[in-house]
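For reference, the structure is listed below as structure tokens.
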There are 2 protein chains.
Amino acid sequence: MPDNFTKRAGWCQGRFKGYGYRLTLSRQAILAVLSRTGEHLSAEEIYHRVHKIHPSSGMSTVYRTLELLVQLQMVHKFDFGDGRARYELQRSKEDKEDHHHHLVCLRCQRVINYTDFIDDEVELLKRTEKGLAKKYNFKIMKHILQFYGLCEQCKDRE
Amino acid sequence: MPDNFTKRAGWCQGRFKGYGYRLTLSRQAILAVLSRTGEHLSAEEIYHRVHKIHPSSGMSTVYRTLELLVQLQMVHKFDFGDGRARYELQRSKEDKEDHHHHLVCLRCQRVINYTDFIDDEVELLKRTEKGLAKKYNFKIMKHILQFYGLCEQCKDRE
DNA sequence: ATTGTAAATGGGACTCATTCTCATTAATAA
DNA sequence: TTATTAATGAGAATGAGTCCCATTTACAAT
Ligand SMILES: [Mn+2]
Ligand SMILES: [Mn+2]
Ligand SMILES: [Zn+2]
Ligand SMILES: [Zn+2]
């Protein structure tokens with residue numbers, strides 16, 4: 001009986017192969033790492049975890065693969081403002097349960113996924129997108145909405 | 001009769017001095033450049049324009065001054081996803097006429113300021129911030145909301 | 001105007017995330 | 001098995017931004 005992580009990794013691998021790319025050991029390891037975490041990992045953090053599974057993988061491959069996964073929309077790439085990109089696996093393409101936004105602590109870099117208010121937000125964003133697209137004749141492809149501040153642990157410190 | 005740009009630059013200089021900092025030629029030049037543009041300039045672009053006014057200014061000073069201006073909230077720093085920060089003068093601290101969000105072209109990097117829907121957006125953001133602050137005991141200090149896509153000129157190209 | 005002083009500067013060395021290059025390896029189809 | 005060619009890993013290169021420090025400059029006090 002495979003656990004959820006393993007199942008998810010398997011599904012990802014299938015999807016990946018479906019696009020016609022070769023499923024190498026490095027790529028398997030990267031997908032495994034992304035599948036089994038809920039964190040927002042940097043390329044370096046991913047590299048370290050991949051290294052435990054498949055020590056001969058290199059940083060170049062990690063970057064290359066992440067870039068590819070982002071392009072295939074299997075992974076989301078975020079910039080939380082600390083100078084290094086973060087990556088997060090797209091869980092269900094059929095959104096709803098997966099769709100969330102982020103709260104980022106400016107002090108400890110903790111990232112909280114939140115789904116509260118998402119419905120209101122999504123509705124407003126859709127409306128805004130439609131209005132902007134028409135007024136500026138702009139094809140909107142994505143948006144970024146993030147809140148920054150101090151988390152519970154950091155706001156009282158020192 | 002000083003034009004608007006000159007007036008704005010003068011106002012900025014006064015504000016800057018009010019904080020107790022020395023008004024050097026480099027700083028004057030940087031404020032002048034920011035005052036007379038509506039664009040979202042990178043540090044390098046600012047450096048080039050400053051160089052025309054005051055050729056002996058260096059990049060270090062441009063970066064240092066921008067950092068200071070951001071800290072004083074006289075300038076906003078943005079990341080539009082192309083690997084270099086952009087800077088924009090805060091025009092009126094008393095918001096309203098100044099408050100806007102951004103539409104960013106992924107192809108030509110053009111940035112459009114828009115104020116449409118701003119009221120709705122601001123209201124939703126305020127509500128969301130309040131809810132998140134309570135639920136996650138998080139002190140929210142700022143947010144980022146940006147739309148990305150293809151501008152009028154780029155969407156039809158090839 | 002002159003001077004004393006700390007603030008600010010400029011330029012070049014440095015950092016560090018990411019990208020590039022290229023000789024070698026390995027996944028897949030035949 | 002083998003041929004093909006995508007993918008890799010190591011390390012060099014890139015480039016935005018930061019840091020250091022000897023020199024200069026703004027400006028307050030004379
Ligand atoms: Mn997330
Ligand atoms: Mn703007
Ligand atoms: Zn924190
Ligand atoms: Zn464009």
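Each chain in the structure tokens gets a letter, A, B, ..., in the order shown, and its residues are numbered from 1; ligands are numbered from 1 in order too.
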
Hey, list the chain C side of the contact with chain A: 9 Å cut-off, only C-alpha atoms (C1' of nucleotides), answer as an MDAnalysis selection string.
chainID C and resid 17:19 26:28

What does the list of residues within 12 Å of ligand 1 look like if you count only C-alpha atoms (C1' of nucleotides) and all ligand atoms, written as a ChimeraX atom specification?
/A:37-41,75-80,86-91,98-104,110-115,145-146

Selection export as a compact mmCIF listing (two decimals), in the first residue's frame, atoms kept: N, CA, C and O atoms:
```txt
# COMPACT_ATOMS: atom_id res chain seq x y z
N THR A 37 7.01 16.96 0.40
CA THR A 37 7.11 18.09 1.30
C THR A 37 5.95 19.06 1.09
O THR A 37 5.36 19.11 0.01
N GLY A 38 5.64 19.80 2.13
CA GLY A 38 4.64 20.84 2.01
C GLY A 38 5.29 22.20 2.10
O GLY A 38 4.64 23.23 2.05
N GLU A 39 6.64 22.19 2.24
CA GLU A 39 7.38 23.44 2.37
C GLU A 39 7.61 24.09 1.00
O GLU A 39 7.32 23.51 -0.02
N HIS A 40 8.17 25.27 1.07
CA HIS A 40 8.50 26.01 -0.15
C HIS A 40 10.02 26.04 -0.23
O HIS A 40 10.66 26.89 0.36
N LEU A 41 10.58 25.08 -0.95
CA LEU A 41 12.03 24.86 -0.92
C LEU A 41 12.76 25.70 -1.95
O LEU A 41 12.27 25.94 -3.05
N VAL A 75 5.12 22.74 -11.46
CA VAL A 75 5.71 23.35 -10.27
C VAL A 75 5.50 24.87 -10.35
O VAL A 75 5.53 25.45 -11.44
N HIS A 76 5.25 25.47 -9.18
CA HIS A 76 5.15 26.92 -9.12
C HIS A 76 6.44 27.49 -8.56
O HIS A 76 7.01 26.94 -7.61
N LYS A 77 6.89 28.58 -9.14
CA LYS A 77 8.11 29.24 -8.69
C LYS A 77 7.70 30.56 -8.03
O LYS A 77 6.94 31.33 -8.62
N PHE A 78 8.20 30.79 -6.82
CA PHE A 78 7.83 32.00 -6.11
C PHE A 78 9.05 32.81 -5.73
O PHE A 78 10.13 32.26 -5.52
N ASP A 79 8.84 34.11 -5.62
CA ASP A 79 9.87 34.99 -5.11
C ASP A 79 9.32 35.64 -3.85
O ASP A 79 8.39 36.44 -3.93
N PHE A 80 9.87 35.26 -2.70
CA PHE A 80 9.38 35.82 -1.45
C PHE A 80 10.26 36.97 -0.97
O PHE A 80 10.18 37.38 0.18
N ARG A 86 11.77 30.07 -4.66
CA ARG A 86 11.20 28.92 -3.94
C ARG A 86 10.31 28.16 -4.89
O ARG A 86 9.70 28.76 -5.78
N TYR A 87 10.24 26.84 -4.66
CA TYR A 87 9.48 25.98 -5.57
C TYR A 87 8.46 25.16 -4.80
O TYR A 87 8.72 24.70 -3.68
N GLU A 88 7.31 24.95 -5.43
CA GLU A 88 6.23 24.21 -4.80
C GLU A 88 5.50 23.41 -5.86
O GLU A 88 5.15 23.95 -6.91
N LEU A 89 5.31 22.15 -5.58
CA LEU A 89 4.63 21.27 -6.54
C LEU A 89 3.18 21.69 -6.70
O LEU A 89 2.49 21.98 -5.72
N GLN A 90 2.71 21.69 -7.93
CA GLN A 90 1.28 21.89 -8.18
C GLN A 90 0.60 20.56 -7.90
O GLN A 90 0.89 19.56 -8.54
N ARG A 91 -0.30 20.55 -6.95
CA ARG A 91 -0.90 19.26 -6.56
C ARG A 91 -2.01 18.83 -7.50
O ARG A 91 -1.87 17.88 -8.25
N ASP A 98 -6.33 22.96 -4.03
CA ASP A 98 -4.92 23.28 -4.08
C ASP A 98 -4.69 24.79 -4.02
O ASP A 98 -3.70 25.26 -3.49
N HIS A 99 -5.63 25.54 -4.55
CA HIS A 99 -5.42 26.98 -4.73
C HIS A 99 -5.26 27.69 -3.38
O HIS A 99 -6.13 27.63 -2.54
N HIS A 100 -4.14 28.38 -3.22
CA HIS A 100 -3.91 29.11 -1.98
C HIS A 100 -2.99 30.29 -2.26
O HIS A 100 -2.37 30.37 -3.31
N HIS A 101 -2.93 31.18 -1.30
CA HIS A 101 -2.01 32.30 -1.40
C HIS A 101 -1.06 32.26 -0.21
O HIS A 101 -1.13 31.33 0.60
N HIS A 102 -0.17 33.26 -0.10
CA HIS A 102 0.90 33.16 0.89
C HIS A 102 1.01 34.36 1.83
O HIS A 102 0.80 35.50 1.43
N LEU A 103 1.37 34.02 3.04
CA LEU A 103 1.72 34.98 4.07
C LEU A 103 3.20 34.75 4.36
O LEU A 103 3.60 33.64 4.70
N VAL A 104 4.01 35.78 4.23
CA VAL A 104 5.46 35.59 4.36
C VAL A 104 6.01 36.43 5.51
O VAL A 104 5.78 37.63 5.59
N ARG A 110 9.42 32.35 7.30
CA ARG A 110 8.38 31.34 7.33
C ARG A 110 7.30 31.72 6.30
O ARG A 110 7.00 32.89 6.09
N VAL A 111 6.75 30.71 5.64
CA VAL A 111 5.69 30.95 4.67
C VAL A 111 4.45 30.16 5.07
O VAL A 111 4.54 28.96 5.30
N ILE A 112 3.34 30.84 5.18
CA ILE A 112 2.08 30.19 5.52
C ILE A 112 1.20 30.15 4.28
O ILE A 112 1.00 31.17 3.62
N ASN A 113 0.72 28.96 3.97
CA ASN A 113 -0.30 28.83 2.93
C ASN A 113 -1.64 29.17 3.56
O ASN A 113 -1.95 28.65 4.63
N TYR A 114 -2.42 29.99 2.93
CA TYR A 114 -3.77 30.20 3.46
C TYR A 114 -4.80 30.06 2.36
O TYR A 114 -4.52 30.37 1.20
N THR A 115 -5.95 29.58 2.74
CA THR A 115 -7.02 29.43 1.76
C THR A 115 -8.26 30.21 2.20
O THR A 115 -9.23 30.29 1.47
N LEU A 145 -0.22 37.62 -5.55
CA LEU A 145 -0.79 38.29 -4.38
C LEU A 145 -0.15 37.69 -3.15
O LEU A 145 -0.28 36.50 -2.89
N GLN A 146 0.62 38.48 -2.45
CA GLN A 146 1.30 37.99 -1.25
C GLN A 146 1.23 39.03 -0.16
O GLN A 146 1.31 40.22 -0.42
```

Kindly provide, as JSON, numbers by chain, all nucleotide and amino acid residues lying within 9 Å of ligand 3, counting only C-alpha atoms (C1' of nucleotides) and all ligand atoms.
{"A": [104, 105, 106, 107, 108, 109, 110, 111, 149, 150, 151, 152, 153, 154, 155], "B": [138]}

Output file for the selection above: N, CA, C and O atoms, as a PDB file, in the first residue's frame:
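Saved file part04.pdb follows:
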```pdb
ATOM      1  N   VAL A 104       4.013  35.779   4.229  1.00  0.00           N
ATOM      2  CA  VAL A 104       5.463  35.594   4.357  1.00  0.00           C
ATOM      3  C   VAL A 104       6.015  36.425   5.515  1.00  0.00           C
ATOM      4  O   VAL A 104       5.775  37.627   5.587  1.00  0.00           O
ATOM      5  N   CYS A 105       6.752  35.773   6.418  1.00  0.00           N
ATOM      6  CA  CYS A 105       7.372  36.493   7.526  1.00  0.00           C
ATOM      7  C   CYS A 105       8.678  37.130   7.056  1.00  0.00           C
ATOM      8  O   CYS A 105       9.556  36.463   6.525  1.00  0.00           O
ATOM      9  N   LEU A 106       8.774  38.433   7.263  1.00  0.00           N
ATOM     10  CA  LEU A 106       9.946  39.170   6.786  1.00  0.00           C
ATOM     11  C   LEU A 106      11.167  38.901   7.643  1.00  0.00           C
ATOM     12  O   LEU A 106      12.290  39.223   7.269  1.00  0.00           O
ATOM     13  N   ARG A 107      10.964  38.301   8.819  1.00  0.00           N
ATOM     14  CA  ARG A 107      12.084  38.103   9.725  1.00  0.00           C
ATOM     15  C   ARG A 107      12.647  36.684   9.622  1.00  0.00           C
ATOM     16  O   ARG A 107      13.838  36.517   9.421  1.00  0.00           O
ATOM     17  N   CYS A 108      11.786  35.675   9.740  1.00  0.00           N
ATOM     18  CA  CYS A 108      12.276  34.284   9.741  1.00  0.00           C
ATOM     19  C   CYS A 108      11.992  33.576   8.415  1.00  0.00           C
ATOM     20  O   CYS A 108      12.330  32.417   8.257  1.00  0.00           O
ATOM     21  N   GLN A 109      11.373  34.277   7.483  1.00  0.00           N
ATOM     22  CA  GLN A 109      11.097  33.727   6.142  1.00  0.00           C
ATOM     23  C   GLN A 109      10.066  32.612   6.139  1.00  0.00           C
ATOM     24  O   GLN A 109       9.876  31.947   5.117  1.00  0.00           O
ATOM     25  N   ARG A 110       9.423  32.351   7.301  1.00  0.00           N
ATOM     26  CA  ARG A 110       8.379  31.342   7.326  1.00  0.00           C
ATOM     27  C   ARG A 110       7.302  31.716   6.296  1.00  0.00           C
ATOM     28  O   ARG A 110       7.002  32.886   6.091  1.00  0.00           O
ATOM     29  N   VAL A 111       6.755  30.708   5.640  1.00  0.00           N
ATOM     30  CA  VAL A 111       5.691  30.947   4.666  1.00  0.00           C
ATOM     31  C   VAL A 111       4.453  30.164   5.067  1.00  0.00           C
ATOM     32  O   VAL A 111       4.535  28.961   5.298  1.00  0.00           O
ATOM     33  N   GLY A 149       4.869  40.344   6.482  1.00  0.00           N
ATOM     34  CA  GLY A 149       4.783  40.907   7.824  1.00  0.00           C
ATOM     35  C   GLY A 149       5.587  40.104   8.814  1.00  0.00           C
ATOM     36  O   GLY A 149       6.628  39.533   8.452  1.00  0.00           O
ATOM     37  N   LEU A 150       5.112  40.060  10.036  1.00  0.00           N
ATOM     38  CA  LEU A 150       5.810  39.330  11.087  1.00  0.00           C
ATOM     39  C   LEU A 150       4.916  38.235  11.624  1.00  0.00           C
ATOM     40  O   LEU A 150       3.754  38.480  11.969  1.00  0.00           O
ATOM     41  N   CYS A 151       5.483  37.031  11.706  1.00  0.00           N
ATOM     42  CA  CYS A 151       4.691  35.899  12.168  1.00  0.00           C
ATOM     43  C   CYS A 151       4.544  35.929  13.688  1.00  0.00           C
ATOM     44  O   CYS A 151       5.193  36.713  14.373  1.00  0.00           O
ATOM     45  N   GLU A 152       3.705  35.046  14.171  1.00  0.00           N
ATOM     46  CA  GLU A 152       3.411  34.949  15.599  1.00  0.00           C
ATOM     47  C   GLU A 152       4.692  34.933  16.442  1.00  0.00           C
ATOM     48  O   GLU A 152       4.809  35.670  17.419  1.00  0.00           O
ATOM     49  N   GLN A 153       5.644  34.093  16.043  1.00  0.00           N
ATOM     50  CA  GLN A 153       6.880  33.956  16.811  1.00  0.00           C
ATOM     51  C   GLN A 153       7.746  35.224  16.739  1.00  0.00           C
ATOM     52  O   GLN A 153       8.406  35.583  17.693  1.00  0.00           O
ATOM     53  N   CYS A 154       7.746  35.866  15.584  1.00  0.00           N
ATOM     54  CA  CYS A 154       8.684  36.970  15.370  1.00  0.00           C
ATOM     55  C   CYS A 154       8.159  38.325  15.838  1.00  0.00           C
ATOM     56  O   CYS A 154       8.945  39.211  16.170  1.00  0.00           O
ATOM     57  N   LYS A 155       6.860  38.501  15.855  1.00  0.00           N
ATOM     58  CA  LYS A 155       6.332  39.841  16.119  1.00  0.00           C
ATOM     59  C   LYS A 155       6.628  40.308  17.539  1.00  0.00           C
ATOM     60  O   LYS A 155       6.692  41.522  17.788  1.00  0.00           O
TER      61      LYS A 155
ATOM     62  N   PHE B 138      -0.691  37.284  12.898  1.00  0.00           N
ATOM     63  CA  PHE B 138       0.372  37.733  12.011  1.00  0.00           C
ATOM     64  C   PHE B 138       0.255  39.250  11.876  1.00  0.00           C
ATOM     65  O   PHE B 138      -0.846  39.780  11.713  1.00  0.00           O
TER      66      PHE B 138
END
```

Closest atom pairs, chain D residues within 8 Å of chain A, only C-alpha atoms (C1' of nucleotides), as CSV:
```
residue,atom,partner,partner_atom,distance
D:DA6,C1',A:Arg22,CA,7.5
D:DT8,C1',A:Thr61,CA,6.9
D:DG9,C1',A:Gly58,CA,5.6
```

All residues 10 Å or closer to DC20 of chain D, only C-alpha atoms (C1' of nucleotides), same chain fewer than 6 positions away omitted, as an mmCIF file with N, CA, C and O atoms (P, O5', C5', C4', C3', O3' and C1' of nucleotides), in the first residue's frame:
```cif
data_model
loop_
_atom_site.group_PDB
_atom_site.id
_atom_site.type_symbol
_atom_site.label_atom_id
_atom_site.label_comp_id
_atom_site.auth_asym_id
_atom_site.auth_seq_id
_atom_site.Cartn_x
_atom_site.Cartn_y
_atom_site.Cartn_z
ATOM 1 P P DG C 12 38.314 51.201 -10.547
ATOM 2 O "O5'" DG C 12 39.015 49.947 -9.858
ATOM 3 C "C5'" DG C 12 39.537 50.098 -8.542
ATOM 4 C "C4'" DG C 12 39.092 48.955 -7.655
ATOM 5 C "C3'" DG C 12 38.867 47.635 -8.405
ATOM 6 O "O3'" DG C 12 39.395 46.594 -7.606
ATOM 7 C "C1'" DG C 12 37.004 48.103 -7.110
ATOM 8 P P DA C 13 39.826 45.226 -8.299
ATOM 9 O "O5'" DA C 13 39.718 44.242 -7.043
ATOM 10 C "C5'" DA C 13 40.104 44.713 -5.747
ATOM 11 C "C4'" DA C 13 39.210 44.083 -4.693
ATOM 12 C "C3'" DA C 13 38.984 42.588 -4.909
ATOM 13 O "O3'" DA C 13 39.045 41.936 -3.651
ATOM 14 C "C1'" DA C 13 36.899 43.696 -4.815
ATOM 15 P P DC C 14 39.023 40.358 -3.546
ATOM 16 O "O5'" DC C 14 37.503 40.031 -3.194
ATOM 17 C "C5'" DC C 14 36.963 40.523 -1.972
ATOM 18 C "C4'" DC C 14 35.475 40.346 -1.992
ATOM 19 C "C3'" DC C 14 34.996 38.911 -2.253
ATOM 20 O "O3'" DC C 14 34.505 38.391 -1.021
ATOM 21 C "C1'" DC C 14 33.644 40.577 -3.355
#
```

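The space between atom CA of Gly20 of chain A and atom CA of Arg49 of chain A spans 25.7 Å.
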